[in-house]
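Asks: The following file, target33.pdb, comprises PDB, C-alpha atoms, pLDDT in the B column:
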MODEL        1
ATOM      1  CA  MET A   1     -15.259  34.125  -3.802  1.00 86.00           C
ATOM      2  CA  LYS A   2     -16.328  32.214  -0.712  1.00 91.00           C
ATOM      3  CA  VAL A   3     -16.214  28.994  -2.705  1.00 95.00           C
ATOM      4  CA  LEU A   4     -12.632  29.680  -3.747  1.00 96.00           C
ATOM      5  CA  GLU A   5     -11.641  30.730  -0.229  1.00 96.00           C
ATOM      6  CA  LYS A   6     -12.884  27.354   0.963  1.00 94.00           C
ATOM      7  CA  LYS A   7     -10.766  25.601  -1.662  1.00 95.00           C
ATOM      8  CA  LEU A   8      -7.778  27.688  -0.617  1.00 96.00           C
ATOM      9  CA  ASN A   9      -8.403  26.952   3.074  1.00 95.00           C
ATOM     10  CA  TYR A  10      -7.923  30.655   3.684  1.00 96.00           C
ATOM     11  CA  LYS A  11     -10.308  33.562   4.348  1.00 97.00           C
ATOM     12  CA  PHE A  12      -9.049  36.909   3.081  1.00 97.00           C
ATOM     13  CA  ASN A  13      -9.109  40.042   5.168  1.00 97.00           C
ATOM     14  CA  ASN A  14      -8.883  42.073   1.945  1.00 97.00           C
ATOM     15  CA  ILE A  15     -10.887  40.208  -0.697  1.00 97.00           C
ATOM     16  CA  ALA A  16      -9.791  42.751  -3.310  1.00 96.00           C
ATOM     17  CA  LEU A  17      -6.371  41.085  -3.339  1.00 98.00           C
ATOM     18  CA  LEU A  18      -7.899  37.786  -4.416  1.00 97.00           C
ATOM     19  CA  GLU A  19     -10.043  39.513  -7.047  1.00 97.00           C
ATOM     20  CA  ASN A  20      -6.936  41.201  -8.451  1.00 97.00           C
ATOM     21  CA  ALA A  21      -5.074  37.867  -8.493  1.00 98.00           C
ATOM     22  CA  LEU A  22      -7.814  36.419 -10.711  1.00 97.00           C
ATOM     23  CA  THR A  23      -7.870  39.329 -13.165  1.00 97.00           C
ATOM     24  CA  HIS A  24      -6.142  38.531 -16.454  1.00 96.00           C
ATOM     25  CA  SER A  25      -4.650  41.362 -18.500  1.00 95.00           C
ATOM     26  CA  SER A  26      -7.220  40.756 -21.270  1.00 95.00           C
ATOM     27  CA  TYR A  27     -10.040  41.620 -18.856  1.00 94.00           C
ATOM     28  CA  ALA A  28      -8.263  44.658 -17.436  1.00 93.00           C
ATOM     29  CA  ASN A  29      -7.554  45.978 -20.941  1.00 91.00           C
ATOM     30  CA  GLU A  30     -11.165  45.592 -22.000  1.00 90.00           C
ATOM     31  CA  MET A  31     -12.663  47.225 -18.924  1.00 87.00           C
ATOM     32  CA  ARG A  32     -10.301  50.242 -18.792  1.00 78.00           C
ATOM     33  CA  ASN A  33     -11.851  51.669 -15.639  1.00 81.00           C
ATOM     34  CA  GLY A  34      -8.955  51.473 -13.250  1.00 83.00           C
ATOM     35  CA  ILE A  35      -8.978  47.684 -13.012  1.00 92.00           C
ATOM     36  CA  THR A  36      -5.449  46.276 -12.937  1.00 95.00           C
ATOM     37  CA  SER A  37      -4.315  42.846 -14.046  1.00 96.00           C
ATOM     38  CA  ASN A  38      -2.689  40.183 -11.900  1.00 97.00           C
ATOM     39  CA  GLU A  39       0.726  40.632 -13.543  1.00 97.00           C
ATOM     40  CA  ARG A  40       2.322  42.470 -10.609  1.00 98.00           C
ATOM     41  CA  LEU A  41       1.010  39.876  -8.174  1.00 98.00           C
ATOM     42  CA  GLU A  42       2.338  37.162 -10.452  1.00 98.00           C
ATOM     43  CA  PHE A  43       5.781  38.790 -10.271  1.00 98.00           C
ATOM     44  CA  LEU A  44       5.702  38.798  -6.471  1.00 98.00           C
ATOM     45  CA  GLY A  45       4.235  35.302  -6.241  1.00 98.00           C
ATOM     46  CA  ASP A  46       7.063  33.900  -8.349  1.00 97.00           C
ATOM     47  CA  SER A  47       9.605  35.138  -5.789  1.00 97.00           C
ATOM     48  CA  VAL A  48       7.581  34.026  -2.766  1.00 98.00           C
ATOM     49  CA  LEU A  49       7.170  30.564  -4.269  1.00 98.00           C
ATOM     50  CA  SER A  50      10.871  30.286  -5.025  1.00 97.00           C
ATOM     51  CA  ILE A  51      12.028  31.195  -1.509  1.00 97.00           C
ATOM     52  CA  ILE A  52       9.497  28.876   0.171  1.00 98.00           C
ATOM     53  CA  VAL A  53      10.491  25.888  -1.961  1.00 97.00           C
ATOM     54  CA  ALA A  54      14.215  26.692  -1.738  1.00 96.00           C
ATOM     55  CA  GLU A  55      14.081  26.976   2.051  1.00 96.00           C
ATOM     56  CA  TYR A  56      12.183  23.706   2.411  1.00 94.00           C
ATOM     57  CA  LEU A  57      14.618  21.809   0.201  1.00 93.00           C
ATOM     58  CA  PHE A  58      17.612  23.384   1.976  1.00 93.00           C
ATOM     59  CA  GLN A  59      16.295  22.391   5.408  1.00 91.00           C
ATOM     60  CA  ASN A  60      15.089  18.883   4.534  1.00 87.00           C
ATOM     61  CA  PHE A  61      17.490  17.574   1.877  1.00 85.00           C
ATOM     62  CA  LYS A  62      20.801  18.211   3.581  1.00 81.00           C
ATOM     63  CA  SER A  63      22.964  15.745   1.698  1.00 77.00           C
ATOM     64  CA  ILE A  64      21.865  16.821  -1.780  1.00 81.00           C
ATOM     65  CA  PRO A  65      24.333  19.198  -3.489  1.00 82.00           C
ATOM     66  CA  GLU A  66      23.411  22.628  -4.865  1.00 87.00           C
ATOM     67  CA  GLY A  67      23.152  21.519  -8.481  1.00 85.00           C
ATOM     68  CA  GLU A  68      20.594  18.812  -7.751  1.00 82.00           C
ATOM     69  CA  LEU A  69      18.647  21.094  -5.406  1.00 88.00           C
ATOM     70  CA  THR A  70      18.419  23.657  -8.198  1.00 91.00           C
ATOM     71  CA  LYS A  71      17.060  21.056 -10.627  1.00 87.00           C
ATOM     72  CA  LEU A  72      14.571  19.773  -8.074  1.00 89.00           C
ATOM     73  CA  ARG A  73      13.322  23.249  -7.256  1.00 93.00           C
ATOM     74  CA  ALA A  74      12.974  24.061 -10.955  1.00 92.00           C
ATOM     75  CA  SER A  75      10.883  20.925 -11.522  1.00 89.00           C
ATOM     76  CA  LEU A  76       8.587  21.825  -8.636  1.00 93.00           C
ATOM     77  CA  VAL A  77       7.921  25.418  -9.731  1.00 94.00           C
ATOM     78  CA  CYS A  78       7.829  24.944 -13.510  1.00 92.00           C
ATOM     79  CA  GLU A  79       4.762  25.860 -15.548  1.00 94.00           C
ATOM     80  CA  LYS A  80       3.634  22.227 -15.773  1.00 91.00           C
ATOM     81  CA  SER A  81       3.610  21.817 -11.982  1.00 92.00           C
ATOM     82  CA  LEU A  82       1.967  25.172 -11.270  1.00 96.00           C
ATOM     83  CA  CYS A  83      -0.679  24.495 -13.885  1.00 95.00           C
ATOM     84  CA  ALA A  84      -1.481  21.172 -12.193  1.00 93.00           C
ATOM     85  CA  PHE A  85      -1.731  22.895  -8.788  1.00 95.00           C
ATOM     86  CA  SER A  86      -4.001  25.536 -10.300  1.00 96.00           C
ATOM     87  CA  ARG A  87      -6.290  22.904 -11.814  1.00 95.00           C
ATOM     88  CA  GLU A  88      -6.449  21.121  -8.470  1.00 93.00           C
ATOM     89  CA  LEU A  89      -7.843  24.324  -6.991  1.00 95.00           C
ATOM     90  CA  GLY A  90     -10.112  24.931  -9.961  1.00 95.00           C
ATOM     91  CA  LEU A  91      -8.740  28.433 -10.446  1.00 96.00           C
ATOM     92  CA  GLY A  92      -9.730  28.462 -14.114  1.00 94.00           C
ATOM     93  CA  GLU A  93     -13.428  28.815 -13.344  1.00 95.00           C
ATOM     94  CA  PHE A  94     -12.799  31.891 -11.174  1.00 97.00           C
ATOM     95  CA  LEU A  95     -10.620  33.851 -13.603  1.00 96.00           C
ATOM     96  CA  ARG A  96     -11.769  37.177 -15.004  1.00 95.00           C
ATOM     97  CA  LEU A  97     -10.936  37.049 -18.707  1.00 95.00           C
ATOM     98  CA  GLY A  98     -11.525  39.302 -21.674  1.00 93.00           C
ATOM     99  CA  LYS A  99     -14.082  38.167 -24.250  1.00 94.00           C
ATOM    100  CA  GLY A 100     -11.428  37.161 -26.767  1.00 93.00           C
ATOM    101  CA  GLU A 101      -9.431  35.188 -24.228  1.00 93.00           C
ATOM    102  CA  GLU A 102     -12.608  33.538 -23.004  1.00 92.00           C
ATOM    103  CA  LYS A 103     -13.553  32.387 -26.499  1.00 93.00           C
ATOM    104  CA  SER A 104     -10.071  31.062 -27.242  1.00 93.00           C
ATOM    105  CA  GLY A 105     -10.060  28.760 -24.207  1.00 92.00           C
ATOM    106  CA  GLY A 106      -8.079  30.912 -21.803  1.00 91.00           C
ATOM    107  CA  ARG A 107      -9.555  29.216 -18.740  1.00 94.00           C
ATOM    108  CA  LYS A 108      -7.745  26.031 -19.688  1.00 93.00           C
ATOM    109  CA  ARG A 109      -4.511  27.557 -21.001  1.00 94.00           C
ATOM    110  CA  ASP A 110      -1.477  26.288 -19.082  1.00 94.00           C
ATOM    111  CA  SER A 111       0.380  29.609 -18.977  1.00 95.00           C
ATOM    112  CA  ILE A 112      -2.641  31.510 -17.655  1.00 96.00           C
ATOM    113  CA  LEU A 113      -3.347  28.898 -14.983  1.00 96.00           C
ATOM    114  CA  ALA A 114       0.287  28.803 -13.850  1.00 96.00           C
ATOM    115  CA  ASP A 115       0.403  32.604 -13.643  1.00 97.00           C
ATOM    116  CA  ALA A 116      -2.843  32.611 -11.674  1.00 97.00           C
ATOM    117  CA  PHE A 117      -1.406  30.213  -9.099  1.00 98.00           C
ATOM    118  CA  GLU A 118       1.532  32.565  -8.497  1.00 98.00           C
ATOM    119  CA  ALA A 119      -0.764  35.603  -8.344  1.00 98.00           C
ATOM    120  CA  VAL A 120      -3.069  33.954  -5.799  1.00 98.00           C
ATOM    121  CA  LEU A 121      -0.043  32.956  -3.730  1.00 98.00           C
ATOM    122  CA  ALA A 122       1.097  36.586  -3.696  1.00 98.00           C
ATOM    123  CA  ALA A 123      -2.370  37.672  -2.618  1.00 98.00           C
ATOM    124  CA  ILE A 124      -2.285  35.191   0.266  1.00 98.00           C
ATOM    125  CA  TYR A 125       1.205  36.372   1.219  1.00 98.00           C
ATOM    126  CA  LEU A 126       0.216  40.055   1.232  1.00 98.00           C
ATOM    127  CA  ASP A 127      -2.990  39.364   3.144  1.00 98.00           C
ATOM    128  CA  GLY A 128      -1.776  36.852   5.702  1.00 97.00           C
ATOM    129  CA  GLY A 129       2.023  36.812   5.744  1.00 97.00           C
ATOM    130  CA  MET A 130       4.758  34.310   5.017  1.00 98.00           C
ATOM    131  CA  ASP A 131       3.610  31.562   7.383  1.00 97.00           C
ATOM    132  CA  VAL A 132       0.216  31.361   5.702  1.00 97.00           C
ATOM    133  CA  ALA A 133       1.813  31.472   2.249  1.00 98.00           C
ATOM    134  CA  LYS A 134       4.223  28.691   3.224  1.00 97.00           C
ATOM    135  CA  LYS A 135       1.380  26.500   4.447  1.00 96.00           C
ATOM    136  CA  HIS A 136      -0.415  27.042   1.138  1.00 97.00           C
ATOM    137  CA  VAL A 137       2.623  26.159  -0.989  1.00 97.00           C
ATOM    138  CA  LEU A 138       3.652  23.092   0.995  1.00 95.00           C
ATOM    139  CA  ARG A 139       0.141  21.740   0.637  1.00 94.00           C
ATOM    140  CA  PHE A 140       1.040  21.125  -3.011  1.00 94.00           C
ATOM    141  CA  ILE A 141       4.806  20.634  -2.845  1.00 93.00           C
ATOM    142  CA  LEU A 142       4.932  17.899  -0.201  1.00 89.00           C
ATOM    143  CA  PRO A 143       2.670  15.431  -2.057  1.00 85.00           C
ATOM    144  CA  GLU A 144       4.631  16.162  -5.227  1.00 84.00           C
ATOM    145  CA  LEU A 145       7.877  15.220  -3.476  1.00 83.00           C
ATOM    146  CA  GLU A 146       6.294  12.064  -2.068  1.00 73.00           C
ATOM    147  CA  HIS A 147       5.349  10.915  -5.548  1.00 65.00           C
ATOM    148  CA  ARG A 148       8.877  11.190  -6.903  1.00 62.00           C
ATOM    149  CA  ASP A 149      10.411   7.739  -7.404  1.00 49.00           C
ATOM    150  CA  ASP A 150      13.978   8.963  -7.709  1.00 51.00           C
ATOM    151  CA  GLY A 151      15.809   8.007  -4.528  1.00 49.00           C
ATOM    152  CA  CYS A 152      17.991  11.112  -4.585  1.00 49.00           C
ATOM    153  CA  PHE A 153      14.891  13.205  -3.835  1.00 59.00           C
ATOM    154  CA  LYS A 154      14.349  11.448  -0.546  1.00 69.00           C
ATOM    155  CA  ASP A 155      17.187  12.221   1.824  1.00 79.00           C
ATOM    156  CA  TYR A 156      17.688   8.826   3.442  1.00 88.00           C
ATOM    157  CA  LYS A 157      21.368   9.567   4.139  1.00 88.00           C
ATOM    158  CA  THR A 158      20.547  12.426   6.492  1.00 86.00           C
ATOM    159  CA  VAL A 159      17.910  10.363   8.313  1.00 88.00           C
ATOM    160  CA  LEU A 160      20.382   7.505   8.785  1.00 91.00           C
ATOM    161  CA  GLN A 161      23.142   9.879   9.898  1.00 89.00           C
ATOM    162  CA  GLU A 162      20.885  11.491  12.507  1.00 88.00           C
ATOM    163  CA  ILE A 163      20.043   8.064  13.942  1.00 91.00           C
ATOM    164  CA  ILE A 164      23.664   6.919  14.074  1.00 90.00           C
ATOM    165  CA  GLN A 165      24.827  10.179  15.671  1.00 88.00           C
ATOM    166  CA  ARG A 166      22.868   9.272  18.787  1.00 89.00           C
ATOM    167  CA  ASN A 167      25.775   6.926  19.556  1.00 88.00           C
ATOM    168  CA  PRO A 168      28.998   8.965  19.274  1.00 84.00           C
ATOM    169  CA  GLU A 169      31.173   5.842  19.030  1.00 87.00           C
ATOM    170  CA  GLU A 170      29.403   4.700  15.849  1.00 90.00           C
ATOM    171  CA  SER A 171      30.315   5.918  12.360  1.00 91.00           C
ATOM    172  CA  VAL A 172      28.824   5.503   8.893  1.00 93.00           C
ATOM    173  CA  SER A 173      30.744   5.263   5.628  1.00 94.00           C
ATOM    174  CA  TYR A 174      29.818   4.578   2.006  1.00 95.00           C
ATOM    175  CA  ILE A 175      31.922   2.276  -0.145  1.00 95.00           C
ATOM    176  CA  LEU A 176      31.662   2.038  -3.937  1.00 95.00           C
ATOM    177  CA  LYS A 177      31.588  -1.685  -4.731  1.00 95.00           C
ATOM    178  CA  SER A 178      31.073  -1.718  -8.494  1.00 94.00           C
ATOM    179  CA  GLU A 179      30.523   0.398 -11.566  1.00 92.00           C
ATOM    180  CA  SER A 180      29.075  -1.190 -14.703  1.00 91.00           C
ATOM    181  CA  GLY A 181      27.443  -0.351 -18.016  1.00 87.00           C
ATOM    182  CA  PRO A 182      28.272   2.077 -20.846  1.00 84.00           C
ATOM    183  CA  ASP A 183      29.225   5.684 -20.099  1.00 79.00           C
ATOM    184  CA  HIS A 184      25.772   6.990 -20.996  1.00 75.00           C
ATOM    185  CA  ASN A 185      23.960   4.470 -18.795  1.00 79.00           C
ATOM    186  CA  LYS A 186      26.195   3.447 -15.901  1.00 86.00           C
ATOM    187  CA  VAL A 187      25.005   1.605 -12.808  1.00 91.00           C
ATOM    188  CA  PHE A 188      26.768   2.200  -9.500  1.00 93.00           C
ATOM    189  CA  GLU A 189      26.564  -0.146  -6.506  1.00 95.00           C
ATOM    190  CA  VAL A 190      27.365   1.167  -3.043  1.00 96.00           C
ATOM    191  CA  GLU A 191      27.523  -0.393   0.420  1.00 96.00           C
ATOM    192  CA  VAL A 192      26.854   1.572   3.580  1.00 96.00           C
ATOM    193  CA  HIS A 193      28.957   0.475   6.549  1.00 96.00           C
ATOM    194  CA  LEU A 194      28.283   0.943  10.234  1.00 94.00           C
ATOM    195  CA  ASN A 195      31.825   0.818  11.565  1.00 91.00           C
ATOM    196  CA  SER A 196      33.030  -2.313   9.701  1.00 87.00           C
ATOM    197  CA  ASN A 197      29.646  -3.960   9.169  1.00 93.00           C
ATOM    198  CA  VAL A 198      27.614  -3.728   5.969  1.00 95.00           C
ATOM    199  CA  ILE A 199      24.108  -2.541   6.867  1.00 95.00           C
ATOM    200  CA  GLY A 200      22.754  -1.809   3.404  1.00 95.00           C
ATOM    201  CA  THR A 201      23.450  -1.844  -0.324  1.00 96.00           C
ATOM    202  CA  GLY A 202      22.033   0.236  -3.124  1.00 94.00           C
ATOM    203  CA  LYS A 203      22.251   0.851  -6.870  1.00 92.00           C
ATOM    204  CA  GLY A 204      21.766   4.038  -8.846  1.00 87.00           C
ATOM    205  CA  LYS A 205      22.554   6.044 -11.961  1.00 83.00           C
ATOM    206  CA  ASN A 206      25.294   7.864 -10.041  1.00 83.00           C
ATOM    207  CA  LYS A 207      27.167   7.481  -6.746  1.00 87.00           C
ATOM    208  CA  LYS A 208      24.916   9.867  -4.831  1.00 83.00           C
ATOM    209  CA  GLN A 209      21.773   8.043  -5.848  1.00 84.00           C
ATOM    210  CA  ALA A 210      23.324   4.663  -5.018  1.00 90.00           C
ATOM    211  CA  GLU A 211      24.322   5.982  -1.581  1.00 91.00           C
ATOM    212  CA  GLN A 212      20.777   7.173  -0.971  1.00 89.00           C
ATOM    213  CA  MET A 213      19.374   3.771  -1.891  1.00 91.00           C
ATOM    214  CA  ALA A 214      21.895   2.012   0.352  1.00 94.00           C
ATOM    215  CA  ALA A 215      20.869   4.281   3.232  1.00 93.00           C
ATOM    216  CA  LYS A 216      17.221   3.533   2.449  1.00 92.00           C
ATOM    217  CA  GLN A 217      17.837  -0.220   2.697  1.00 94.00           C
ATOM    218  CA  ALA A 218      19.704   0.260   5.963  1.00 94.00           C
ATOM    219  CA  LEU A 219      16.784   2.223   7.415  1.00 93.00           C
ATOM    220  CA  GLU A 220      14.326  -0.436   6.283  1.00 92.00           C
ATOM    221  CA  LEU A 221      16.408  -3.214   7.864  1.00 91.00           C
ATOM    222  CA  MET A 222      16.559  -1.162  11.077  1.00 89.00           C
ATOM    223  CA  GLY A 223      12.765  -0.965  11.065  1.00 86.00           C
ATOM    224  CA  THR A 224      12.753   2.823  10.662  1.00 82.00           C
ATOM    225  CA  LYS A 225       9.606   4.293   9.119  1.00 72.00           C
ATOM    226  CA  ILE A 226      10.557   6.198   5.945  1.00 65.00           C
TER     227      ILE A 226
ENDMDL
END
Render the structure in this file as structure tokens.
Replies:
Amino acid sequence: MKVLEKKLNYKFNNIALLENALTHSSYANEMRNGITSNERLEFLGDSVLSIIVAEYLFQNFKSIPEGELTKLRASLVCEKSLCAFSRELGLGEFLRLGKGEEKSGGRKRDSILADAFEAVLAAIYLDGGMDVAKKHVLRFILPELEHRDDGCFKDYKTVLQEIIQRNPEESVSYILKSESGPDHNKVFEVEVHLNSNVIGTGKGKNKKQAEQMAAKQALELMGTKI
């Protein structure tokens, strides 16, 4: 367990929580001596994960509407993502599996690995509290956000707005300049204006994305690190 604690960057006060988080139902069913599976921890971890990711997106992506935030959160906490996080930690090699599950390749099964990530998160939360759990989750979520190439996931508009607000007499506006292409594959072009001056242009699959890309160009031209 010390090896896994090192990978988690967290030392448990109650190591039994981590052991429980790694116990698959197949193992618990085979042993039948009071050992419980990680299913309850998985249930709790799912909720802890959701609130941590939702809060981070709410605080840091202020110009993105609810619908897009929901989609972004869902993509970050889906089985595919959690499985990847679990593999990064090497959780598969620490799982306690029943003989049948072991033989059928359970240590590499996506659903089991994703569930294990949530269970371990719950164990960390119960042992160390929300701040520790948040640090653990963001360790995986932040790089994932950085790797997204969709401009709408990087909130350049808010960054630009915060810079402009330092001068109360200045104002920013976004002007749709063109809309082209078929309905199923439109391209929008937007200009961002500082008062009456164009300070950036951007294109995107929708107006919001084009606005974000225009704000990004404006920040780049201003020499702002983004």
Asks: Please, what distance in Å, to one decimal, runs between atom CA of A:Val48 and atom CA of A:Cys83?
Replies: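 Separating atom CA of A:Val48 from atom CA of A:Cys83 is a distance of 16.8 Å.
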Asks: Give me the residues near A:Glu189 as JSON, numbers by chain, where near means some atom within 8 Å (using only C-alpha atoms) and where sequence neighbours in that chain fewer than 5 positions away do not count.
Replies: {"A": [176, 177, 178, 179, 201, 202, 203, 204, 207, 210]}
Asks: Suppose you want the space between atom CA of A:Leu121 and atom CA of A:Gly45; what is it in Å?
Replies: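 According to the coordinates, atom CA of A:Leu121 and atom CA of A:Gly45 are separated by 5.5 Å.
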Asks: Could you check which of A:Phe188, A:Lys208, A:Ile51, A:Pro168 is closest to A:Glu68, using only C-alpha atoms?
Replies: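 Under the stated criterion, the closest residue is A:Lys208.
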Asks: For the structure provided, state which residues fall under the PyMOL selection byres ((chain A and resi 172) around 6), and present them as a VMD selection string.
Replies: chain A and resid 171 173 193 to 194
Asks: List, as number ranges by chain, every residue that the PyMOL selection byres ((chain A and resi 53-64) around 12) selects in the file provided.
Replies: A: 46-52, 65-78, 133-142, 144-145, 151-162, 207-209, 211-212, 215
Asks: Using all atoms listed in the file, pick whichever of A:Ile175, A:Pro182, A:Glu42, A:Ala114 has the shortest atom-to-atom distance to A:Ala214.
Replies: A:Ile175
Asks: Could you tell me how far atom CA of A:Ser104 lies from atom CA of A:Ser25, in Å and to one decimal?
Replies: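 The value is 14.6 Å.
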Asks: Give, as AutoDock Vina command-line options, the centre coordinates and the x, y and z edge lengths in Å to one decimal for an axis-aligned box around all listed atoms of stretch 96-112 of chain A, padded by 4 Å on each side.
Replies:
--center_x -6.9 --center_y 32.7 --center_z -21.1 --size_x 22.5 --size_y 21.3 --size_z 20.2
Asks: Name the residues that the PyMOL selection byres ((chain A and resi 122) around 7) picks from the file above, as a list in words, using the file's chain letters and numbers.
Replies: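 Answer for the PyMOL selection byres ((chain A and resi 122) around 7): Leu41, Glu42, Leu44, Gly45, Glu118, Ala119, Val120, Leu121, Ala123, Ile124, Tyr125 and Leu126 of chain A.
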Asks: Quick one: of A:Lys2, A:Arg40, A:Arg96, A:Lys216, who's nearest to A:Tyr27, counting all atoms listed in the file?
Replies: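 Among A:Lys2, A:Arg40, A:Arg96, A:Lys216, it is A:Arg96 that comes nearest to A:Tyr27.
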Asks: Give me, as a PyMOL selection string, all polymer residues having an atom no more than 8 Å from A:Leu221, counting only C-alpha atoms and skipping those fewer than 3 positions away in the same chain.
Replies: chain A and resi 199-200+217-218+224
Asks: Residues near A:Phe12, anyone? I mean within 8 Å using only C-alpha atoms, not counting same-chain ones fewer than 3 positions away, as a PDB file with C-alpha atoms, keeping the file's coordinate frame.
Replies:
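The resulting file, part.pdb, is reproduced below:
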ATOM      1  CA  GLU A   5     -11.641  30.730  -0.229  1.00 96.00           C
ATOM      2  CA  ILE A  15     -10.887  40.208  -0.697  1.00 97.00           C
ATOM      3  CA  LEU A  18      -7.899  37.786  -4.416  1.00 97.00           C
ATOM      4  CA  ILE A 124      -2.285  35.191   0.266  1.00 98.00           C
ATOM      5  CA  ASP A 127      -2.990  39.364   3.144  1.00 98.00           C
ATOM      6  CA  GLY A 128      -1.776  36.852   5.702  1.00 97.00           C
TER       7      GLY A 128
END
Asks: Would you list the residues near (-7.5, 36.2, -21.2), meaning any protein, DNA or RNA residue with an atom at most 10 Å from that point in file coordinates, counting only C-alpha atoms, as a PDB file with C-alpha atoms, in the coordinates of the input?
Replies:
ATOM      1  CA  THR A  23      -7.870  39.329 -13.165  1.00 97.00           C
ATOM      2  CA  HIS A  24      -6.142  38.531 -16.454  1.00 96.00           C
ATOM      3  CA  SER A  25      -4.650  41.362 -18.500  1.00 95.00           C
ATOM      4  CA  SER A  26      -7.220  40.756 -21.270  1.00 95.00           C
ATOM      5  CA  TYR A  27     -10.040  41.620 -18.856  1.00 94.00           C
ATOM      6  CA  ALA A  28      -8.263  44.658 -17.436  1.00 93.00           C
ATOM      7  CA  ASN A  29      -7.554  45.978 -20.941  1.00 91.00           C
ATOM      8  CA  LEU A  95     -10.620  33.851 -13.603  1.00 96.00           C
ATOM      9  CA  ARG A  96     -11.769  37.177 -15.004  1.00 95.00           C
ATOM     10  CA  LEU A  97     -10.936  37.049 -18.707  1.00 95.00           C
ATOM     11  CA  GLY A  98     -11.525  39.302 -21.674  1.00 93.00           C
ATOM     12  CA  LYS A  99     -14.082  38.167 -24.250  1.00 94.00           C
ATOM     13  CA  GLY A 100     -11.428  37.161 -26.767  1.00 93.00           C
ATOM     14  CA  GLU A 101      -9.431  35.188 -24.228  1.00 93.00           C
ATOM     15  CA  GLU A 102     -12.608  33.538 -23.004  1.00 92.00           C
ATOM     16  CA  LYS A 103     -13.553  32.387 -26.499  1.00 93.00           C
ATOM     17  CA  SER A 104     -10.071  31.062 -27.242  1.00 93.00           C
ATOM     18  CA  GLY A 105     -10.060  28.760 -24.207  1.00 92.00           C
ATOM     19  CA  GLY A 106      -8.079  30.912 -21.803  1.00 91.00           C
ATOM     20  CA  ARG A 107      -9.555  29.216 -18.740  1.00 94.00           C
ATOM     21  CA  ARG A 109      -4.511  27.557 -21.001  1.00 94.00           C
ATOM     22  CA  ILE A 112      -2.641  31.510 -17.655  1.00 96.00           C
TER      23      ILE A 112
END
